Protein chains: 2
Amino acid sequence: MKIDHLGIAVNSIDIARGFYETLGLRIEREETIEHEQVRTAMIPVGESRIELLEPTTENSAVGRFLNKRGEGLHHVALHVDDIAETLEALKSNGVRLVSEKIQVGAGGHLYFFVHPSSAGGMLLEICQDREQIQD
Amino acid sequence: MKIDHLGIAVNSIDIARGFYETLGLRIEREETIEHEQVRTAMIPVGESRIELLEPTTENSAVGRFLNKRGEGLHHVALHVDDIAETLEALKSNGVRLVSEKIQVGAGGHLYFFVHPSSAGGMLLEICQDREQIQD
């Protein structure tokens with residue numbers, strides 16, 4: 001298991017990037033995820049990455065988060081080796097999930113979210129790269 | 001550089017640990033840091049760790065955080081190779097710091113905090129293991 005990424009909600013990637021560049025980090029990839037109405041910038045940090053999330057509309061999930069709470073950590077993602085097994089273990093222990101189904105993300109990775117009420121107040125994503133299941 | 005740890009403020013380590021154990025993670029070390037009035041539990045995750053922070057008094061920094069915001073992410077710590085160089089780079093770029101001096105933590109590690117207003121709304125710790133400077 002590892003920390004896959006930290007999702008940080010920001011008003012502007014162009015403004016936020018300067019701080020990370022001062023730290024010596026670099027944005028590796030930027031993309032717009034249309035169906036989530038969010039622009040993302042990936043900043044590798046060791047085996048993990050920081051994902052800056054800038055809403056493309058105020059009414060998106062990240063846009064509403066910013067309106068309510070301002071900039072800051074939106075979610076933490078943990079990478080697991082067997083997402084189906086993890087989902088079953090959490091369900092059978094009564095952990096509250098945002099959705100009980102594994103979803104497929106833009107790059108083909110698999111994910112689901114644990115509700116903050118079960119994860120110490122953090123929105124927690126559990127994810128797995130698609131490649132690993134194809135092995 | 002790597003994500004050193006995520007500091008999560010919780011009301012009770014004994015209650016919070018169950019969720020992480022269900023994920024297959026284990027608490028490696030628990031200790032009480034008297035001068036910060038906090039009990040901590042370290043959970044290794046890949047090259048990083050999750051640190052559960054439980055206040056020993058309501059009037060501690062973590063206790064006040066919990067009273068104000070409830071459980072959740074308290075800070076993110078990035079590990080750097082040369083903390084003095086990082087501090088100078090941030091200062092010379094006008095980044096707002098919580099304190100402009102490098103401090104020495106319980107285990108001898110070095111650290112300082114970047115103010116959330118300069119780090120996308122997150123309280124960001126920059127740290128370095130003591131061993132690395134002694135090399």
# chains A, B, ... in the order shown; residues from 1 in each chain; ligands from 1
$ residues_around --residues "Phe19 (chain A)" --least-positions-apart "2" --cutoff "8 Å" --atoms "only C-alpha atoms" --output "list in words"
Ala16, Arg17, Glu21, Thr22 and Leu23 of chain A; Val95, Ser118 and Ala119 of chain B
$ calpha_fit_and_write --fixed "chain B" --moving "chain A" --output "short mmCIF file (atom, residue, chain, number, x, y, z; two decimals) with N, CA and C atoms, in the first residue's frame"
data_model
loop_
_atom_site.label_atom_id
_atom_site.label_comp_id
_atom_site.auth_asym_id
_atom_site.auth_seq_id
_atom_site.Cartn_x
_atom_site.Cartn_y
_atom_site.Cartn_z
N MET A 1 12.60 14.16 -2.74
CA MET A 1 11.51 14.60 -1.87
C MET A 1 10.44 13.50 -1.79
N LYS A 2 9.78 13.44 -0.66
CA LYS A 2 8.68 12.48 -0.53
C LYS A 2 7.65 13.03 0.47
N ILE A 3 6.46 12.46 0.47
CA ILE A 3 5.51 12.79 1.53
C ILE A 3 5.98 12.05 2.77
N ASP A 4 6.34 12.78 3.81
CA ASP A 4 6.83 12.15 5.03
C ASP A 4 5.66 11.58 5.83
N HIS A 5 4.70 12.43 6.11
CA HIS A 5 3.52 11.92 6.82
C HIS A 5 2.33 12.85 6.64
N LEU A 6 1.15 12.31 6.92
CA LEU A 6 -0.09 13.07 7.01
C LEU A 6 -0.49 13.07 8.47
N GLY A 7 -0.63 14.23 9.08
CA GLY A 7 -1.07 14.32 10.47
C GLY A 7 -2.58 14.45 10.53
N ILE A 8 -3.24 13.47 11.14
CA ILE A 8 -4.71 13.45 11.20
C ILE A 8 -5.15 13.66 12.64
N ALA A 9 -5.91 14.72 12.88
CA ALA A 9 -6.44 14.98 14.23
C ALA A 9 -7.63 14.07 14.48
N VAL A 10 -7.58 13.30 15.57
CA VAL A 10 -8.71 12.41 15.92
C VAL A 10 -9.06 12.60 17.40
N ASN A 11 -10.30 12.31 17.71
CA ASN A 11 -10.73 12.39 19.11
C ASN A 11 -10.12 11.25 19.92
N SER A 12 -10.00 10.08 19.30
CA SER A 12 -9.52 8.91 20.02
C SER A 12 -8.74 7.99 19.09
N ILE A 13 -7.48 7.79 19.40
CA ILE A 13 -6.67 6.85 18.61
C ILE A 13 -7.27 5.45 18.69
N ASP A 14 -7.76 5.09 19.86
CA ASP A 14 -8.29 3.74 20.05
C ASP A 14 -9.49 3.47 19.15
N ILE A 15 -10.29 4.50 18.90
CA ILE A 15 -11.43 4.33 18.00
C ILE A 15 -10.96 4.39 16.54
N ALA A 16 -10.09 5.36 16.23
CA ALA A 16 -9.67 5.58 14.83
C ALA A 16 -8.86 4.41 14.28
N ARG A 17 -8.10 3.72 15.13
CA ARG A 17 -7.20 2.69 14.63
C ARG A 17 -7.93 1.54 13.93
N GLY A 18 -9.15 1.26 14.35
CA GLY A 18 -9.91 0.13 13.78
C GLY A 18 -10.05 0.25 12.27
N PHE A 19 -10.32 1.46 11.79
CA PHE A 19 -10.49 1.66 10.36
C PHE A 19 -9.20 1.33 9.60
N TYR A 20 -8.08 1.81 10.12
CA TYR A 20 -6.80 1.58 9.42
C TYR A 20 -6.42 0.10 9.48
N GLU A 21 -6.76 -0.55 10.58
CA GLU A 21 -6.47 -1.98 10.69
C GLU A 21 -7.33 -2.78 9.71
N THR A 22 -8.56 -2.34 9.48
CA THR A 22 -9.40 -3.00 8.48
C THR A 22 -8.79 -2.89 7.10
N LEU A 23 -8.09 -1.78 6.85
CA LEU A 23 -7.41 -1.59 5.56
C LEU A 23 -6.15 -2.45 5.45
N GLY A 24 -5.77 -3.09 6.54
CA GLY A 24 -4.57 -3.92 6.51
C GLY A 24 -3.33 -3.19 6.99
N LEU A 25 -3.51 -1.96 7.50
CA LEU A 25 -2.37 -1.19 8.02
C LEU A 25 -2.21 -1.45 9.51
N ARG A 26 -1.03 -1.18 10.05
CA ARG A 26 -0.76 -1.45 11.46
C ARG A 26 -0.08 -0.25 12.12
N ILE A 27 -0.44 0.04 13.35
CA ILE A 27 0.26 1.06 14.13
C ILE A 27 1.61 0.49 14.54
N GLU A 28 2.67 1.25 14.21
CA GLU A 28 4.02 0.77 14.49
C GLU A 28 4.53 1.30 15.83
N ARG A 29 4.13 2.51 16.17
CA ARG A 29 4.67 3.13 17.38
C ARG A 29 3.64 4.12 17.93
N GLU A 30 3.48 4.09 19.24
CA GLU A 30 2.63 5.09 19.88
C GLU A 30 3.48 5.83 20.88
N GLU A 31 3.30 7.15 20.96
CA GLU A 31 4.03 7.88 21.99
C GLU A 31 3.26 9.14 22.38
N THR A 32 3.56 9.64 23.56
CA THR A 32 2.97 10.90 24.00
C THR A 32 4.05 11.97 23.94
N ILE A 33 3.77 13.06 23.22
CA ILE A 33 4.72 14.17 23.14
C ILE A 33 4.23 15.23 24.12
N GLU A 34 4.86 15.21 25.30
CA GLU A 34 4.36 16.02 26.42
C GLU A 34 4.24 17.50 26.07
N HIS A 35 5.29 18.09 25.47
CA HIS A 35 5.26 19.55 25.29
C HIS A 35 4.26 19.98 24.21
N GLU A 36 3.82 19.03 23.38
CA GLU A 36 2.77 19.38 22.41
C GLU A 36 1.39 18.90 22.88
N GLN A 37 1.38 18.25 24.05
CA GLN A 37 0.14 17.76 24.65
C GLN A 37 -0.66 16.92 23.64
N VAL A 38 0.04 15.96 23.07
CA VAL A 38 -0.59 15.14 22.06
C VAL A 38 -0.08 13.70 22.16
N ARG A 39 -1.00 12.76 21.93
CA ARG A 39 -0.62 11.35 21.84
C ARG A 39 -0.59 11.02 20.35
N THR A 40 0.43 10.30 19.91
CA THR A 40 0.54 10.03 18.47
C THR A 40 0.64 8.53 18.22
N ALA A 41 0.13 8.12 17.06
CA ALA A 41 0.25 6.72 16.61
C ALA A 41 0.72 6.77 15.16
N MET A 42 1.82 6.09 14.87
CA MET A 42 2.43 6.10 13.54
C MET A 42 2.00 4.87 12.76
N ILE A 43 1.46 5.07 11.58
CA ILE A 43 1.00 3.97 10.73
C ILE A 43 1.77 4.04 9.41
N PRO A 44 2.76 3.18 9.20
CA PRO A 44 3.52 3.23 7.95
C PRO A 44 2.63 2.90 6.74
N VAL A 45 2.80 3.68 5.66
CA VAL A 45 2.09 3.45 4.39
C VAL A 45 3.12 3.69 3.28
N GLY A 46 3.66 2.64 2.73
CA GLY A 46 4.72 2.80 1.73
C GLY A 46 5.89 3.56 2.34
N GLU A 47 6.39 4.56 1.59
CA GLU A 47 7.53 5.35 2.08
C GLU A 47 7.07 6.45 3.04
N SER A 48 5.76 6.57 3.25
CA SER A 48 5.20 7.64 4.08
C SER A 48 4.58 7.03 5.34
N ARG A 49 3.93 7.84 6.13
CA ARG A 49 3.14 7.30 7.23
C ARG A 49 1.97 8.23 7.55
N ILE A 50 0.96 7.64 8.13
CA ILE A 50 -0.15 8.40 8.67
C ILE A 50 0.10 8.53 10.16
N GLU A 51 0.01 9.75 10.68
CA GLU A 51 0.18 10.00 12.11
C GLU A 51 -1.15 10.40 12.70
N LEU A 52 -1.71 9.54 13.54
CA LEU A 52 -2.93 9.93 14.23
C LEU A 52 -2.53 10.79 15.43
N LEU A 53 -3.23 11.91 15.61
CA LEU A 53 -2.91 12.88 16.65
C LEU A 53 -4.11 13.03 17.58
N GLU A 54 -3.96 12.61 18.81
CA GLU A 54 -5.05 12.72 19.79
C GLU A 54 -4.59 13.67 20.89
N PRO A 55 -5.31 14.76 21.13
CA PRO A 55 -4.87 15.72 22.15
C PRO A 55 -4.97 15.12 23.55
N THR A 56 -4.02 15.48 24.42
CA THR A 56 -4.11 15.05 25.82
C THR A 56 -4.82 16.12 26.65
N THR A 57 -4.96 17.35 26.10
CA THR A 57 -5.76 18.39 26.74
C THR A 57 -6.51 19.16 25.66
N GLU A 58 -7.65 19.70 26.03
CA GLU A 58 -8.47 20.45 25.06
C GLU A 58 -7.77 21.71 24.60
N ASN A 59 -6.86 22.21 25.42
CA ASN A 59 -6.24 23.50 25.14
C ASN A 59 -4.96 23.41 24.31
N SER A 60 -4.63 22.22 23.85
CA SER A 60 -3.46 22.05 22.99
C SER A 60 -3.81 22.47 21.56
N ALA A 61 -2.80 22.60 20.70
CA ALA A 61 -3.05 22.99 19.31
C ALA A 61 -4.02 22.01 18.64
N VAL A 62 -3.80 20.72 18.84
CA VAL A 62 -4.68 19.72 18.20
C VAL A 62 -6.06 19.73 18.86
N GLY A 63 -6.11 19.94 20.18
CA GLY A 63 -7.40 20.04 20.87
C GLY A 63 -8.23 21.20 20.35
N ARG A 64 -7.60 22.35 20.13
CA ARG A 64 -8.32 23.51 19.60
C ARG A 64 -8.77 23.26 18.16
N PHE A 65 -7.92 22.60 17.39
CA PHE A 65 -8.28 22.24 16.01
C PHE A 65 -9.55 21.38 16.00
N LEU A 66 -9.58 20.37 16.88
CA LEU A 66 -10.74 19.47 16.93
C LEU A 66 -12.01 20.22 17.35
N ASN A 67 -11.87 21.11 18.32
CA ASN A 67 -13.03 21.87 18.77
C ASN A 67 -13.59 22.74 17.66
N LYS A 68 -12.69 23.26 16.83
CA LYS A 68 -13.10 24.21 15.80
C LYS A 68 -13.60 23.50 14.53
N ARG A 69 -12.86 22.45 14.14
CA ARG A 69 -13.15 21.86 12.83
C ARG A 69 -13.55 20.40 12.85
N GLY A 70 -13.39 19.75 14.00
CA GLY A 70 -13.68 18.32 14.04
C GLY A 70 -12.52 17.51 13.50
N GLU A 71 -12.69 16.21 13.46
CA GLU A 71 -11.61 15.33 13.01
C GLU A 71 -11.26 15.59 11.54
N GLY A 72 -10.01 15.36 11.20
CA GLY A 72 -9.60 15.50 9.81
C GLY A 72 -8.13 15.82 9.70
N LEU A 73 -7.71 16.09 8.46
CA LEU A 73 -6.30 16.34 8.22
C LEU A 73 -5.84 17.61 8.93
N HIS A 74 -4.82 17.49 9.75
CA HIS A 74 -4.25 18.63 10.47
C HIS A 74 -3.09 19.25 9.70
N HIS A 75 -2.19 18.41 9.18
CA HIS A 75 -1.09 18.93 8.36
C HIS A 75 -0.53 17.85 7.45
N VAL A 76 0.18 18.30 6.42
CA VAL A 76 0.90 17.42 5.50
C VAL A 76 2.39 17.73 5.67
N ALA A 77 3.22 16.69 5.78
CA ALA A 77 4.67 16.92 5.92
C ALA A 77 5.41 16.38 4.70
N LEU A 78 6.22 17.24 4.11
CA LEU A 78 7.08 16.84 2.99
C LEU A 78 8.50 16.71 3.51
N HIS A 79 9.16 15.63 3.13
CA HIS A 79 10.55 15.42 3.54
C HIS A 79 11.48 15.92 2.44
N VAL A 80 12.43 16.77 2.81
CA VAL A 80 13.39 17.31 1.84
C VAL A 80 14.80 16.87 2.22
N ASP A 81 15.72 17.00 1.28
CA ASP A 81 17.11 16.58 1.53
C ASP A 81 17.94 17.67 2.18
N ASP A 82 17.55 18.93 1.96
CA ASP A 82 18.34 20.03 2.52
C ASP A 82 17.38 21.10 3.03
N ILE A 83 17.01 20.98 4.29
CA ILE A 83 15.94 21.83 4.83
C ILE A 83 16.37 23.30 4.88
N ALA A 84 17.66 23.55 5.10
CA ALA A 84 18.13 24.94 5.17
C ALA A 84 18.00 25.60 3.80
N GLU A 85 18.33 24.86 2.75
CA GLU A 85 18.22 25.38 1.38
C GLU A 85 16.75 25.65 1.04
N THR A 86 15.86 24.70 1.43
CA THR A 86 14.42 24.88 1.17
C THR A 86 13.89 26.11 1.89
N LEU A 87 14.30 26.28 3.15
CA LEU A 87 13.85 27.44 3.92
C LEU A 87 14.27 28.74 3.23
N GLU A 88 15.51 28.80 2.78
CA GLU A 88 16.00 30.02 2.12
C GLU A 88 15.25 30.28 0.82
N ALA A 89 15.00 29.21 0.04
CA ALA A 89 14.29 29.37 -1.23
C ALA A 89 12.89 29.92 -0.99
N LEU A 90 12.20 29.40 0.04
CA LEU A 90 10.84 29.85 0.31
C LEU A 90 10.85 31.30 0.80
N LYS A 91 11.77 31.60 1.71
CA LYS A 91 11.87 32.98 2.22
C LYS A 91 12.12 33.97 1.09
N SER A 92 13.07 33.63 0.22
CA SER A 92 13.44 34.60 -0.81
C SER A 92 12.35 34.72 -1.88
N ASN A 93 11.39 33.78 -1.88
CA ASN A 93 10.24 33.90 -2.78
C ASN A 93 9.02 34.48 -2.08
N GLY A 94 9.23 34.96 -0.85
CA GLY A 94 8.14 35.64 -0.16
C GLY A 94 7.05 34.72 0.34
N VAL A 95 7.36 33.43 0.50
CA VAL A 95 6.37 32.48 1.03
C VAL A 95 6.18 32.75 2.52
N ARG A 96 4.92 32.76 2.97
CA ARG A 96 4.63 33.04 4.37
C ARG A 96 4.87 31.79 5.21
N LEU A 97 5.67 31.92 6.26
CA LEU A 97 6.00 30.79 7.13
C LEU A 97 5.38 30.99 8.51
N VAL A 98 5.09 29.89 9.20
CA VAL A 98 4.54 29.99 10.56
C VAL A 98 5.65 30.50 11.48
N SER A 99 6.87 30.00 11.27
CA SER A 99 8.02 30.51 12.01
C SER A 99 9.21 30.43 11.07
N GLU A 100 10.09 31.41 11.12
CA GLU A 100 11.19 31.48 10.15
C GLU A 100 12.41 30.68 10.61
N LYS A 101 12.27 29.97 11.74
CA LYS A 101 13.42 29.21 12.25
C LYS A 101 13.19 27.71 12.13
N ILE A 102 14.26 26.98 11.82
CA ILE A 102 14.19 25.52 11.79
C ILE A 102 14.17 25.03 13.23
N GLN A 103 13.24 24.13 13.53
CA GLN A 103 13.11 23.60 14.89
C GLN A 103 13.52 22.14 14.95
N VAL A 104 13.86 21.69 16.16
CA VAL A 104 14.30 20.30 16.34
C VAL A 104 13.19 19.54 17.06
N GLY A 105 12.69 18.47 16.44
CA GLY A 105 11.60 17.69 17.01
C GLY A 105 12.09 16.64 18.00
N ALA A 106 11.12 15.89 18.54
CA ALA A 106 11.40 14.92 19.60
C ALA A 106 12.48 13.90 19.19
N GLY A 107 12.35 13.33 18.01
CA GLY A 107 13.31 12.32 17.58
C GLY A 107 14.58 12.92 16.99
N GLY A 108 14.72 14.26 17.08
CA GLY A 108 15.91 14.91 16.54
C GLY A 108 15.73 15.36 15.10
N HIS A 109 14.55 15.14 14.53
CA HIS A 109 14.36 15.59 13.16
C HIS A 109 14.18 17.11 13.14
N LEU A 110 14.40 17.70 11.98
CA LEU A 110 14.32 19.15 11.81
C LEU A 110 13.03 19.49 11.07
N TYR A 111 12.44 20.62 11.41
CA TYR A 111 11.19 20.98 10.73
C TYR A 111 10.88 22.46 10.85
N PHE A 112 10.05 22.92 9.91
CA PHE A 112 9.37 24.22 10.04
C PHE A 112 8.04 24.11 9.30
N PHE A 113 7.16 25.08 9.57
CA PHE A 113 5.83 25.04 8.96
C PHE A 113 5.62 26.21 8.01
N VAL A 114 5.04 25.90 6.85
CA VAL A 114 4.61 26.92 5.90
C VAL A 114 3.17 27.29 6.25
N HIS A 115 2.85 28.57 6.21
CA HIS A 115 1.49 29.01 6.55
C HIS A 115 0.51 28.54 5.46
N PRO A 116 -0.69 28.10 5.88
CA PRO A 116 -1.69 27.64 4.90
C PRO A 116 -1.97 28.65 3.79
N SER A 117 -1.86 29.93 4.10
CA SER A 117 -2.17 30.94 3.08
C SER A 117 -1.19 30.91 1.91
N SER A 118 -0.01 30.32 2.14
CA SER A 118 0.96 30.20 1.04
C SER A 118 0.97 28.82 0.41
N ALA A 119 0.25 27.87 1.01
CA ALA A 119 0.34 26.47 0.54
C ALA A 119 -1.04 25.90 0.21
N GLY A 120 -1.82 26.68 -0.51
CA GLY A 120 -3.12 26.19 -0.98
C GLY A 120 -4.04 25.73 0.13
N GLY A 121 -4.02 26.46 1.26
CA GLY A 121 -4.98 26.18 2.33
C GLY A 121 -4.59 25.04 3.26
N MET A 122 -3.41 24.43 3.02
CA MET A 122 -2.97 23.33 3.91
C MET A 122 -1.87 23.82 4.83
N LEU A 123 -1.91 23.35 6.07
CA LEU A 123 -0.76 23.56 6.96
C LEU A 123 0.30 22.56 6.50
N LEU A 124 1.45 23.08 6.04
CA LEU A 124 2.47 22.22 5.43
C LEU A 124 3.75 22.25 6.27
N GLU A 125 4.15 21.06 6.70
CA GLU A 125 5.41 20.94 7.43
C GLU A 125 6.49 20.53 6.43
N ILE A 126 7.65 21.15 6.54
CA ILE A 126 8.82 20.72 5.76
C ILE A 126 9.77 20.09 6.78
N CYS A 127 10.23 18.87 6.54
CA CYS A 127 11.05 18.20 7.54
C CYS A 127 12.23 17.46 6.92
N GLN A 128 13.15 17.11 7.79
CA GLN A 128 14.36 16.38 7.37
C GLN A 128 14.83 15.55 8.56
N ASP A 129 15.20 14.32 8.29
CA ASP A 129 15.73 13.48 9.38
C ASP A 129 17.08 14.01 9.82
N ARG A 130 17.35 13.89 11.11
CA ARG A 130 18.64 14.34 11.62
C ARG A 130 19.79 13.55 10.99
N GLU A 131 19.61 12.25 10.83
CA GLU A 131 20.70 11.41 10.30
C GLU A 131 21.31 11.98 9.03
N GLN A 132 20.43 12.54 8.19
CA GLN A 132 20.92 12.98 6.89
C GLN A 132 21.93 14.11 6.96
N ILE A 133 21.82 14.95 7.99
CA ILE A 133 22.78 16.05 8.07
C ILE A 133 24.09 15.55 8.65
N GLN A 134 24.02 14.48 9.41
CA GLN A 134 25.23 13.99 10.05
C GLN A 134 26.11 13.22 9.07
N ASP A 135 25.55 12.90 7.89
CA ASP A 135 26.34 12.17 6.89
C ASP A 135 27.58 12.97 6.49
#
$ select_by_dssp --residues "region 45-109 of chain A" --states "strand (DSSP E)" --output "PDB file with C-alpha atoms, in the first residue's frame"
ATOM      1  CA  VAL A  45       6.490  13.617  -4.952  1.00  0.00           C
ATOM      2  CA  SER A  48       3.078   9.692  -4.508  1.00  0.00           C
ATOM      3  CA  ARG A  49       1.816  12.837  -6.162  1.00  0.00           C
ATOM      4  CA  ILE A  50       0.027  16.035  -5.335  1.00  0.00           C
ATOM      5  CA  GLU A  51      -2.980  16.690  -7.578  1.00  0.00           C
ATOM      6  CA  LEU A  52      -4.052  20.298  -7.829  1.00  0.00           C
ATOM      7  CA  LEU A  53      -7.784  20.486  -8.586  1.00  0.00           C
ATOM      8  CA  GLU A  54      -9.212  23.649 -10.131  1.00  0.00           C
ATOM      9  CA  PRO A  55     -12.951  23.666 -10.897  1.00  0.00           C
ATOM     10  CA  GLY A  72      -7.202  23.020   0.989  1.00  0.00           C
ATOM     11  CA  LEU A  73      -7.052  19.263   1.036  1.00  0.00           C
ATOM     12  CA  HIS A  74     -10.035  17.768  -0.796  1.00  0.00           C
ATOM     13  CA  HIS A  75      -9.173  14.068  -0.491  1.00  0.00           C
ATOM     14  CA  VAL A  76      -6.409  11.560   0.242  1.00  0.00           C
ATOM     15  CA  ALA A  77      -5.994   8.530  -2.045  1.00  0.00           C
ATOM     16  CA  LEU A  78      -4.449   5.259  -0.892  1.00  0.00           C
ATOM     17  CA  HIS A  79      -3.293   2.773  -3.508  1.00  0.00           C
ATOM     18  CA  GLN A 103     -15.717   2.924 -10.450  1.00  0.00           C
ATOM     19  CA  VAL A 104     -13.425   3.284 -13.452  1.00  0.00           C
TER      20      VAL A 104
END
$ select_by_dssp --residues "chain B" --states "alpha helix (DSSP H)" --output "PyMOL selection string"
chain B and resi 13-22+61-69+83-92+130-134
